[in-house]
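Student: Quick one: the structure is below, and I'll ask about it shortly.
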Amino acid sequence: MDVKSLLLPLLIGWSCLFAEEIKREKTIVRVGHFATITHAQAVIAHGLTREQKGWFERFLGPDVEVQWYVYQAGPSAMEALFADSLDLTYVGPSPTINAYLKAKGKTIRIVCGSCSGGASLVVQPERIKKAADFLGRKVATPQLGNTQDIAARAWLYSKGFNFNLFGGDVTVIPMENVDQFTLFQQGDLDAAWTVEPWVSRLVLEAKGKVFLDESALWTETGGKYVTAHLVSTENFLKGRPDLVKKWILAHIKLTEWIQENEEKAKLFFNAELKKEVFRNLSKEIIDRAWEQIELTYVPIQASLFRYADWAYQIGFFKQKPQLKGIYDLRLLGEVLDEIDQLPARFSHES
């Protein structure tokens with residue numbers, strides 16, 4: 001047996017061991033999102049990953065694998081961050097505020113914006129025509145203490161209604177969106193403060209009417225307010241700022257692509273939605289809902305701070321929330337500077 005014959009098995013073995021070592025060393029980025037239109041960038045990207053056409057993977061590089069996880073509610077996604085089961089998640093402002101306060105200013109940071117708008121107060125038009133008509137009525141919200149629940153209670157208080165968790169001038173009932181849709185359609189609810197695509201379903205399928213678009217409450221931000229943003233664990237942000245920065249760049253570029261290719265983006269979104277929740281949206285619903293939201297990367301900090309103030313004013317917090325440090329926008333600023341498109345609003349927000 002010659003030397004080549006002796007060495008060949010050894011070389012093959014070393015090659016296999018080396019390849020296996022590279023495979024083991026591949027970095028995994030774990031990302032959460034909801035199966036909803038206000039998380040459209042994540043839903044679309046999840047679908048592209050599923051089809052081996054990963055959007056974020058192109059920016060992160062061949063040594064990085066993205067693993068997506070779908071959550072039904074903000075608190076469960078934030079618990080996953082606390083448990084180190086996620087590195088990043090798309091989530092709404094109220095769960096983020098609650099988690100930040102629970103962690104006493106540690107563990108999580110908001111690193112980028114994602115979606116603005118999409119929330120409205122929908123009413124039974126024959127029952128409610130003016131604010132005074134809410135007296136004695138039942139108003140649904142998606143979840144106790146969530147973003148729309150806080151906004152609904154704050155608005156009702158601003159109109160002079162007195163109530164608590166057990167009733168009062170108005171009965172505010174937190175419940176799943178699917179349940180509020182069914183009860184509204186049956187006539188057992190008078191109103192619902194919810195978010196897209198449920199607003200469009202209530203209007204188009206349950207014959208409701210938009211009484212108040214939440215954007216009307218945000219005059220100081222030009223009608224814009226945070227519905228979803230990107231949150232990172234502090235450990236991931238400090239340990240792999242290079243990957244967070246690449247993710248933010250990919251998020252911005254995906255947002256721009258969606259804005260430039262809306263019809264194709266809707267098809268991608270709807271296809272992935274069906275895989276995640278076994279149902280997609282009708283063209284009529286998705287078209288209307290899409291018009292009510294603005295996919296973005298701007299964080300719109302002022303709206304988050306006001307949500308926190310509202311929650312304090314209506315009794316969800318015993319002390320005024322201290323949120324200094326909840327945002328870490330350094331990497332977003334670096335990316336925007338590098339691609340020379342720093343929005344005026346972002347540049348003037350602390």
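How things are named: the first chain in the structure tokens is A, the next is B, and so on; residues count from 1 in each chain; ligands count from 1 in the order shown.
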Could you give me, as a PDB file with C-alpha atoms, in the first residue's frame, the residues within 9 Å of Leu202 in chain A, counting only C-alpha atoms and dropping anything in the same chain fewer than 4 positions from it?
Tutor:
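So the final result, stored in selection-v7.pdb, reads:
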```pdb
ATOM      1  CA  VAL A 122     -64.570  51.041  16.151  1.00  0.00           C
ATOM      2  CA  VAL A 123     -68.212  51.385  17.211  1.00  0.00           C
ATOM      3  CA  PHE A 181     -64.751  40.307  16.549  1.00  0.00           C
ATOM      4  CA  PHE A 184     -69.090  42.675  17.989  1.00  0.00           C
ATOM      5  CA  GLN A 185     -70.534  40.902  14.966  1.00  0.00           C
ATOM      6  CA  ALA A 192     -63.636  47.934  20.337  1.00  0.00           C
ATOM      7  CA  PRO A 197     -55.993  43.911  10.628  1.00  0.00           C
ATOM      8  CA  TRP A 198     -58.809  43.602  13.179  1.00  0.00           C
ATOM      9  CA  ALA A 206     -68.822  43.231  11.078  1.00  0.00           C
ATOM     10  CA  LYS A 207     -70.260  46.540   9.758  1.00  0.00           C
ATOM     11  CA  GLY A 208     -68.552  48.679  12.383  1.00  0.00           C
ATOM     12  CA  LYS A 209     -67.533  52.302  11.927  1.00  0.00           C
TER      13      LYS A 209
END
```
Student: Could you write out, as a list in words, all the residues of range 278-328 of chain A that DSSP marks as alpha helix (DSSP H)?
Tutor: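 So, restricting range 278-328 of chain A to alpha helix (DSSP H), we get Lys283, Glu284, Ile285, Ile286, Asp287, Arg288, Ala289, Trp290, Glu291, Gln292, Gln301, Ala302, Ser303, Leu304, Phe305, Arg306, Tyr307, Ala308, Asp309, Trp310, Ala311, Tyr312 and Gln313 of chain A.
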Student: Name all residues at most 10 Å from Gln313 in chain A (count only C-alpha atoms; drop same-chain ones fewer than 6 positions away) and give them as JSON, numbers by chain.
Tutor: {"A": [154, 157, 307, 319, 320]}
Student: I'd like the contact shell of range 246-260 of chain A - 9 Å cut-off, only C-alpha atoms, skipping same-chain residues fewer than 3 positions apart - returned as a short mmCIF file (atom, residue, chain, number, x, y, z; two decimals) with N, CA and C atoms, in the first residue's frame.
Tutor:
```
data_model
loop_
_atom_site.label_atom_id
_atom_site.label_comp_id
_atom_site.auth_asym_id
_atom_site.auth_seq_id
_atom_site.Cartn_x
_atom_site.Cartn_y
_atom_site.Cartn_z
N GLN A 41 -42.59 43.28 8.37
CA GLN A 41 -41.21 43.00 7.96
C GLN A 41 -40.77 41.62 8.45
N ALA A 42 -41.09 41.32 9.71
CA ALA A 42 -40.67 40.04 10.28
C ALA A 42 -41.41 38.87 9.63
N ALA A 45 -39.95 38.32 6.18
CA ALA A 45 -38.61 37.75 6.29
C ALA A 45 -38.64 36.31 6.77
N TRP A 55 -33.72 37.01 3.77
CA TRP A 55 -33.37 38.43 3.58
C TRP A 55 -32.30 38.85 4.58
N PHE A 56 -32.55 38.61 5.85
CA PHE A 56 -31.58 39.03 6.87
C PHE A 56 -30.29 38.23 6.76
N GLU A 57 -30.41 36.98 6.34
CA GLU A 57 -29.22 36.14 6.20
C GLU A 57 -28.23 36.72 5.20
N ARG A 58 -28.74 37.37 4.15
CA ARG A 58 -27.86 37.98 3.16
C ARG A 58 -26.98 39.06 3.77
N PHE A 59 -27.51 39.76 4.77
CA PHE A 59 -26.75 40.83 5.43
C PHE A 59 -25.87 40.30 6.55
N LEU A 60 -26.33 39.25 7.21
CA LEU A 60 -25.60 38.71 8.37
C LEU A 60 -24.40 37.86 7.97
N VAL A 111 -33.90 49.09 19.91
CA VAL A 111 -32.80 49.47 19.03
C VAL A 111 -33.25 50.04 17.69
N CYS A 112 -34.55 49.92 17.38
CA CYS A 112 -35.01 50.37 16.07
C CYS A 112 -36.53 50.42 16.04
N SER A 114 -40.28 50.02 13.92
CA SER A 114 -40.76 49.00 12.99
C SER A 114 -42.09 49.37 12.34
N LEU A 230 -38.25 47.11 17.38
CA LEU A 230 -37.32 46.00 17.52
C LEU A 230 -36.59 46.12 18.86
N PRO A 241 -22.61 43.45 18.85
CA PRO A 241 -23.13 44.68 18.23
C PRO A 241 -23.00 44.66 16.71
N ASP A 242 -22.03 43.89 16.19
CA ASP A 242 -21.88 43.78 14.74
C ASP A 242 -23.11 43.16 14.09
N LEU A 243 -23.66 42.12 14.75
CA LEU A 243 -24.85 41.46 14.20
C LEU A 243 -26.10 42.32 14.36
N GLU A 263 -47.48 45.54 -3.57
CA GLU A 263 -48.34 44.43 -3.99
C GLU A 263 -47.62 43.10 -3.82
N LYS A 264 -46.37 43.04 -4.21
CA LYS A 264 -45.60 41.81 -4.04
C LYS A 264 -45.40 41.51 -2.55
N ALA A 265 -45.15 42.55 -1.76
CA ALA A 265 -44.97 42.38 -0.32
C ALA A 265 -46.24 41.82 0.33
N LYS A 266 -47.40 42.29 -0.11
CA LYS A 266 -48.66 41.77 0.43
C LYS A 266 -48.81 40.28 0.14
N LEU A 295 -44.96 51.17 7.80
CA LEU A 295 -43.78 50.40 8.16
C LEU A 295 -42.58 51.33 8.14
N THR A 296 -41.73 51.22 9.14
CA THR A 296 -40.70 52.25 9.32
C THR A 296 -39.50 51.66 10.04
N TYR A 297 -38.53 52.49 10.31
CA TYR A 297 -37.42 52.16 11.19
C TYR A 297 -37.22 53.27 12.22
N LEU A 331 -26.54 52.28 17.29
CA LEU A 331 -26.28 51.52 16.06
C LEU A 331 -27.21 51.95 14.94
N LEU A 332 -28.46 52.26 15.27
CA LEU A 332 -29.38 52.79 14.26
C LEU A 332 -28.83 54.09 13.70
N VAL A 335 -25.92 53.38 11.33
CA VAL A 335 -26.38 52.85 10.05
C VAL A 335 -26.97 53.96 9.20
N LEU A 336 -27.81 54.79 9.80
CA LEU A 336 -28.45 55.87 9.04
C LEU A 336 -27.42 56.89 8.56
#
```
